[in-house]
Structures are given as C-alpha cells and as structure tokens.
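**Student:** To start, I am sharing the structure in question, which I have written as structure tokens.
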Amino acid sequence: MKTDIQIAQEATMLPIGEVAKVSGIEGNDLEYYGKYKAKLSDDLWNKIKDKKDGKLVLVTAINPTPAGEGKTTTTVGLGEAMSKLGKNAIIALREPSLGPCFGIKGGAAGGGYAQVVPMEDLNLHFTGDFHAITSANNLLAALLDNHIQQGNALGIDPRQVVWKRCEDMNDRALRNIVVGLGSKGDGMVREDHFVITVASEIMAILCLAENITDLKERLGRIIVAYNFKGEPVTAKELNAVGSMAALLKDALKPNIIQTLENTPALVHGGPFANIAHGCNSVRATRTALKLADITITEAGFGADLGAEKFLDIKCRMAGLKPDAVVLVATVRALKYNGGVPKTELEKENLEALKAGIVNLEKHIENIQKYDVPVVVTLNSFTSDTEAEYKFVKDFVEAKGCEFALSEVWAKGGEGGIALANKVLDTLENKESHFHTLYPDSLSLKEKIETISKEIYGARGVVYEPSAEKQIKKLEELGFKDFPICMAKNQYSLSDDQKKLGRPTDFDIHIRDVYVSAGAGFVVALTGAIMTMPGLPKVPAANNIDVDENGTITGLF
C-alpha cells in the first residue's frame with residue numbers, strides 16, 4: 001500500500017474554481033492562494049445567508065488509541081460517498097497544527113484514499129491562518145508587557161498576568177519561562193508561559209466569531225491580567241483590538257480545498273479538543289449548511305471531548321442543530337481497550353472485543369443523551385474477521401443505533417457507500433430532538449460535575465483549593481452562565497490516560513479554572529493535561545524531508 005503522501009501527490013486535482021462551482025460558488029467570491037486552494041470572500045455570505053440550511057452530520061469517535069480510529073478519514077470518505085450517490089455534500093474540517101505534524105500524531109488530512117488535498121499545503125502553513133493567530137496572540141502579549149514597562153497606567157499586577165504567549169509547535173521548554181531579564185529597559189522581570197497556538201483563546205474566538213464586528217467585540221473582552229485591586233484588565237483597555245483584528249481579517253475567511261475525488265471541503269480553524277473546544281469555525285459550518293444539502297463535519301478526539309464541546313459550546317453559541325452523529329470505531333481499538341497489546345491486535349479475539357466494547361457503549365449512551373440519532377461505523381482493517389464484525393453490529397443495533405462498515409481508507413468514496421446510505425436513511429427517517437446537556441443557569445461547579453458524571457462516568461469531582469477560589473471569583477465577576485470547556489486527556493474517559501475501556505469509581509481532579517471571556521466559556525483543567533505539548537523521543541520531524549524538485553516526503 002502506498003503512503004498517504006504518495007497517494008496525495010499522485011492525485012488529479014481540479015482547479016479550485018471548478019470545485020467551488022459544484023457548490024454554486026462563483027470565481028469572484030474566491031480569493032485564490034495558488035491553483036488548488038482559496039478563501040471565500042466576505043460577500044459570499046450576504047448572497048447565501050437567506051437560503052435554507054441543509055442537514056448537519058457530526059462525525060466523532062471512541063477514545064483514540066495507538067491502534068488507530070480514522071475519524072477524519074471517515075469524514076472525508078463519507079463526503080466522497082455522498083458525492084458518488086449524487087448528493088450535494090460539503091465537508092467541514094479543522095486545519096492541522098504544525099505541532100502534531102512534527103510530533104507524533106501526524107497531520108489531519110485523512111488517510112489512504114479518503115484525504116483532502118493538497119495534503120502538504122494543508123499540513124504545512126496552508127493559507128497562513130495559524131500564523132496570523134499566533135501573531136495576534138503575541139502582539140497582545142507584547143502590548144501588555146509594554147504597558148507595564150511604560151508606566152502601568154492600568155495598575156496591572158505583574159503577579160496576576162494571565163495572558164500567555166503562543167507558538168504552533170510542540171516545545172516543552174517554553175511551558176514556564178522568565179521574561180524581562182537583562183537591564184531595566186528590557187521590561188519587568190516576571191514568570192511567563194507559552195501555550196500551543198491551537199490552545200490560544202484567539203483560536204477559539206476566530207472559530208466562534210460570526211463576522212469582523214463580532215470578532216472585535218470578542219477580542220476586546222479578553223482578560224489579560226488583573227490589577228492590584230483584583231479587577232480584570234481587558235485587551236480593549238490596552239487598545240489592542242484594532243491591530244489584532246487587522247492581523248486576523250483574512251484568517252477569518254473560510255478556506256476551500258477538495259478531496260481526492262474532488263468533493264468540496266471547507267477547512268478552517270483548528271482548536272485542539274483536549275485543551276480547547278475542538279471544532280472548526282462557525283463561519284465555515286454555517287456557510288457549508290447554506291451551500292450544500294448535507295454538511296459533514298468532525299470534532300476532535302473522542303466523543304467525550306470533541307463531540308461534547310461541539311454540542312454544548314459550538315451548537316449552543318451558534319444555534320446549530322445536528323441531524324445525526326456518526327460514531328467511528330475500529331475492531332483493533334476496541335480490542336486494545338479490552339486489554340490486548342498492540343502487537344496482538346491482528347488476531348481474532350472476541351473476548352477482548354467484548355471487554356473493550358464498553359468504551360463504544362459509553363460514547364453511544366453519551367450521544368443519545370442529546371437526543372440525536374447515532375450511526376456507528378467500523379473503520380475496517382484487513383485483519384478484522386467476520387465474527388468480530390458481527391459481534392459489533394449486533395451490539396450496536398441492540399443499543400438502538402444504525403451500523404455500517406466503512407472501507408474508505410482503501411477504496412475512497414466507493415468504500416463509504418454503505419455508511420452513506422445508512423446516514424441518508426437516518427436523515428430521512430429519524431428526527432433529531434437536539435438539546436444541550438445542561439442549561440446556562442447552573443453554577444460553574446454544577447456544569448463541571450454534570451459533564452464529569454454524565455459524560456465521563458465519574459463518581460465525583462475533586463477541586464484543588466486554588467480552583468475552588470478561582471471558581472468563586474469568576475462567578476462574582478459575572479461568568480456563571482458561561483458553558484464549560486473541559487481540558488482533559490483524550491485517551492481515557494477519566495483524567496488518567498491509563499484507565500482504558502469504561503472506567504468506574506474514579507474522580508475527576510480539577511487543578512485550575514480560568515475564563516476565556518472573549519470566546520465565551522470557562523476552561524477547567526483536569527489531571528496532568530498540558531496546554532503546551534512536548535515532542536516524543538523520536539519526532540515525526542526526523543523523517544520529513546524535501547528533495548531538489550521541491551517534493552516533500554515523510555508527512556503522514
């Protein structure tokens with residue numbers, strides 16, 4: 001089998017203008033970035049905003065494992081299959097971060113014959129959106145430190161600066177730093193921190209903003225520090241909003257590319273789901289809903305993270321209503337959850353499958369709590385057996401869900417026909433009665449405990465004293481009605497990544513809580529989750545290269 005990048009480089013891409021025409025987008029509504037990628041103009045929305053929305057399908061998955069799940073691959077393949085069936089479909093994805101590309105996870109363009117292209121461009125720089133977000137974030141940090149240096153008229157307490165710098169790379173050495181060293185003119189000496197760009201509040205703001213006006217209002221609400229009286233200081237008070245918005249004006253526009261089979265794909269924004277809200281931009285999703293009869297989008301990592309945040313944060317804020325959810329699993333991943341080591345996953349093992357399928361069971365139950373129809377799909381591997389497929393199919397159907405096998409990795413859209421037909425049948429015959437998990441009126445603690453108990457299956461929640469203090473302060477400042485964005489490891493339903501399957505009798509540990517006032521949610525940090533990842537012992541970067549002809553190798 002060829003590698004993903006080999007398949008992508010051999011693809012026959014259409015000029016992006018031809019791909020856009022399929023969705024009714026004319027050339028004057030495209031801002032071209034070469035032959036095969038473009039941004040959608042601001043004028044396009046005004047032309048389509050009164051159209052009726054199409055159907056919205058969310059693709060999510062069980063907790064990720066080293067065995068692989070293929071959520072983005074399934075999303076892309078499902079879109080290709082819909083096109084093969086003559087349906088007007090658009091895929092709406094997140095942009096990849098450079099951190100995982102050079103780290104351990106790899107890119108985020110799908111895999112096999114279910115990819116979006118140009119794969120190298122998407123995974124490396126793309127249209128510069130992440131660079132713009134990084135620049136806007138660090139401009140705010142520079143203005144903040146400069147304000148303190150130049151007399152500190154706002155009375156900012158350097159010990160209570162909460163705004164962090166960012167970089168779109170896994171760099172553990174920048175997690176905790178000291179700035180201002182040197183002479184008096186080099187600034188106030190204080191502890192500072194970096195987060196990865198996808199964890200920046202500006203990434204969340206860009207993905208949730210409706211337009212440039214909303215973007216500027218949200219940027220202005222960012223809390224950068226507290227003054228000596230304990231009062232919040234905002235980006236608006238630092239006069240930072242205009243210059244930040246100027247850096248972000250093009251990044252705010254959705255990007256359009258294509259799949260290997262030329263199905264349109266809107267790829268825009270990219271917050272991680274383990275440390276941020278894990279969804280592509282509201283603008284891209286809303287645009288896709290107006291342009292297509294069926295929009296297929298995905299949310300990061302497992303359903304306990306990405307799907308929960310899509311449903312409780314993005315849908316709440318944007319007024320979206322998913323019509324169906326596709327839940328992706330693999331036989332290999334389920335056996336891994338059942339205790340089988342990675343080296344033994346190719347052997348049939350129904351007992352391990354029975355032990356590990358409880359992870360899938362919990363995710364099914366969680367989605368059903370939102371009253372949205374669920375279609376479960378198994379991303380197939382050649383080592384899977386018919387007996388294993390039958391076991392999963394029978395289990396899933398007993399839980400009241402539709403089931404389909406997906407072979408999109410090996411066969412592209414043709415391999416997704418069975419799944420596409422199940423999704424179409426669900427959209428036609430099952431009604432979504434979507435609602436959020438909790439109301440705005442609950443206290444912050446009640447929201448944290450609702451997610452922890454209902455979605456993770458926790459026994460209870462344990463708060464660090466500093467987290468307790470911060471929750472009280474945030475409620476006093478008027479942020480009680482905000483939804484919660486839980487920062488938790490992606491590998492387990494618990495906050496301990498070693499607890500696989502469906503753990504019980506565990507507590508969720510909240511070590512810190514802070515507000516992203518511009519994004520409009522409160523973040524709760526659990527366990528040992530890091531907002532700046534590190535590189536593994538052997539980074540993927542070691543195998544990436546470019547030859548004398550400009551051909552990139554080693555990306556996956």
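Here, A, B, ... name the chains of the structure tokens in the order displayed, residue numbers run from 1 inside each chain, and ligands are numbered from 1 in the same displayed order.
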Within 8 Å of Leu405 in chain A, counting only C-alpha atoms, which residues show up once you throw out same-chain ones fewer than 5 positions away? Write them as a PyMOL selection string, please.
**Tutor:** chain A and resi 377-380+416+418-419
**Student:** Residues near range 195-202 of chain A, anyone? I mean within 7 Å using only C-alpha atoms, not counting same-chain ones fewer than 3 positions away, as an NGL selection string.
**Tutor:** :A and (133-134 or 137 or 164-170 or 175 or 205-206 or 270-272 or 275-276 or 516 or 519 or 531-532)
**Student:** Just how far from CA of Ala273 in chain A is CA of Gly300 in chain A, in Å to one decimal?
**Tutor:**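 Going from CA of Gly300 in chain A over to CA of Ala273 in chain A, I get 5.0 Å.
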**Student:** Just want the 9 Å neighbourhood of range 478-481 of chain A, counted on only C-alpha atoms, with same-chain residues fewer than 3 positions away dropped. Output as a ChimeraX atom specification.
**Tutor:** /A:439-444,471,473-475,515,517,520-522
**Student:** Please return as an MDAnalysis selection string: the residues of range 159-298 of chain A that backbone DSSP assigns to strand (DSSP E or B).
**Tutor:** chainID A and resid 159:161 165:167 177:179 190:192 194:196 223:227 232:234 255:259 264:267 279 294:298
**Student:** Sort by chain and increasing residue number a table of all residues of range 480-556 of chain A within 7 Å of range 95-119 of chain A, each with its closest pair of atoms and their distance in Å to one decimal, counting only C-alpha atoms, and write it as CSV.
**Tutor:**
```
residue,atom,partner,partner_atom,distance
A:Leu535,CA,A:Gly103,CA,5.2
A:Pro536,CA,A:Gly103,CA,6.4
A:Pro539,CA,A:Gly103,CA,4.8
A:Ala540,CA,A:Phe102,CA,4.9
A:Ala541,CA,A:Phe102,CA,4.4
A:Phe556,CA,A:Gly106,CA,5.4
```
**Student:** Just to be explicit: take each residue in the selection above, keep N, CA, C and O atoms, and write the result as a PDB file, in the first residue's frame.
**Tutor:**
```pdb
ATOM      1  N   LEU A 535       7.584  17.182  22.323  1.00  0.00           N
ATOM      2  CA  LEU A 535       7.896  16.226  21.260  1.00  0.00           C
ATOM      3  C   LEU A 535       8.232  14.866  21.853  1.00  0.00           C
ATOM      4  O   LEU A 535       8.742  14.775  22.976  1.00  0.00           O
ATOM      5  N   PRO A 536       7.979  13.777  21.118  1.00  0.00           N
ATOM      6  CA  PRO A 536       8.354  12.444  21.595  1.00  0.00           C
ATOM      7  C   PRO A 536       9.851  12.202  21.434  1.00  0.00           C
ATOM      8  O   PRO A 536      10.579  13.038  20.866  1.00  0.00           O
ATOM      9  N   PRO A 539      10.731  12.284  17.113  1.00  0.00           N
ATOM     10  CA  PRO A 539       9.682  13.081  16.485  1.00  0.00           C
ATOM     11  C   PRO A 539       9.487  12.719  15.012  1.00  0.00           C
ATOM     12  O   PRO A 539      10.423  12.287  14.333  1.00  0.00           O
ATOM     13  N   ALA A 540       8.271  12.912  14.521  1.00  0.00           N
ATOM     14  CA  ALA A 540       7.985  12.718  13.104  1.00  0.00           C
ATOM     15  C   ALA A 540       8.869  13.626  12.249  1.00  0.00           C
ATOM     16  O   ALA A 540       9.189  13.293  11.101  1.00  0.00           O
ATOM     17  N   ALA A 541       9.272  14.766  12.807  1.00  0.00           N
ATOM     18  CA  ALA A 541      10.127  15.709  12.081  1.00  0.00           C
ATOM     19  C   ALA A 541      11.414  15.060  11.583  1.00  0.00           C
ATOM     20  O   ALA A 541      11.981  15.471  10.564  1.00  0.00           O
ATOM     21  N   PHE A 556       2.629  12.298   7.196  1.00  0.00           N
ATOM     22  CA  PHE A 556       1.598  11.264   7.270  1.00  0.00           C
ATOM     23  C   PHE A 556       0.397  11.802   8.012  1.00  0.00           C
ATOM     24  O   PHE A 556       0.464  12.852   8.625  1.00  0.00           O
TER      25      PHE A 556
END
```
**Student:** Tell me which of A:Val538, A:Leu500, A:Ala528, A:Ala303 sits closest to Asp512 in chain A, counting only C-alpha atoms.
**Tutor:**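 Distance minimum relative to Asp512 in chain A lands on A:Ala528.
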**Student:** May I have a table of the residues of range 246-305 of chain A lying at most 6 Å from range 45-61 of chain A, giving each one's closest pair of atoms and their distance in Å to one decimal, counting only C-alpha atoms, ordered by chain and ascending residue number, as JSON lines?
**Tutor:**
```
{"residue": "A:Leu289", "atom": "CA", "partner": "A:Asp53", "partner_atom": "CA", "distance": 4.9}
{"residue": "A:Lys290", "atom": "CA", "partner": "A:Asp53", "partner_atom": "CA", "distance": 5.0}
{"residue": "A:Ala292", "atom": "CA", "partner": "A:Gly54", "partner_atom": "CA", "distance": 5.9}
{"residue": "A:Asp293", "atom": "CA", "partner": "A:Gly54", "partner_atom": "CA", "distance": 4.2}
{"residue": "A:Ile294", "atom": "CA", "partner": "A:Lys55", "partner_atom": "CA", "distance": 4.7}
{"residue": "A:Thr295", "atom": "CA", "partner": "A:Leu56", "partner_atom": "CA", "distance": 5.0}
{"residue": "A:Ile296", "atom": "CA", "partner": "A:Val57", "partner_atom": "CA", "distance": 4.8}
{"residue": "A:Thr297", "atom": "CA", "partner": "A:Leu58", "partner_atom": "CA", "distance": 5.1}
{"residue": "A:Glu298", "atom": "CA", "partner": "A:Val59", "partner_atom": "CA", "distance": 4.6}
{"residue": "A:Ala299", "atom": "CA", "partner": "A:Thr60", "partner_atom": "CA", "distance": 6.0}
{"residue": "A:Gly302", "atom": "CA", "partner": "A:Ala61", "partner_atom": "CA", "distance": 4.8}
{"residue": "A:Ala303", "atom": "CA", "partner": "A:Thr60", "partner_atom": "CA", "distance": 5.6}
```
**Student:** Taking only C-alpha atoms into account, name the residue in A:Met530, A:Ala458, A:Val331, A:Met486 that is nearest to Glu69 in chain A.
**Tutor:**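 Smallest distance to Glu69 in chain A is found for A:Val331.
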**Student:** Can you tell me, as an MDAnalysis selection string, what residues are no more than 12 Å from Val224 in chain A when counting only C-alpha atoms, ignoring any on the same chain fewer than 3 positions away?
**Tutor:** chainID A and resid 137:138 140:145 147 154 156:165 201:202 219:221 227 231:238 240 514:518
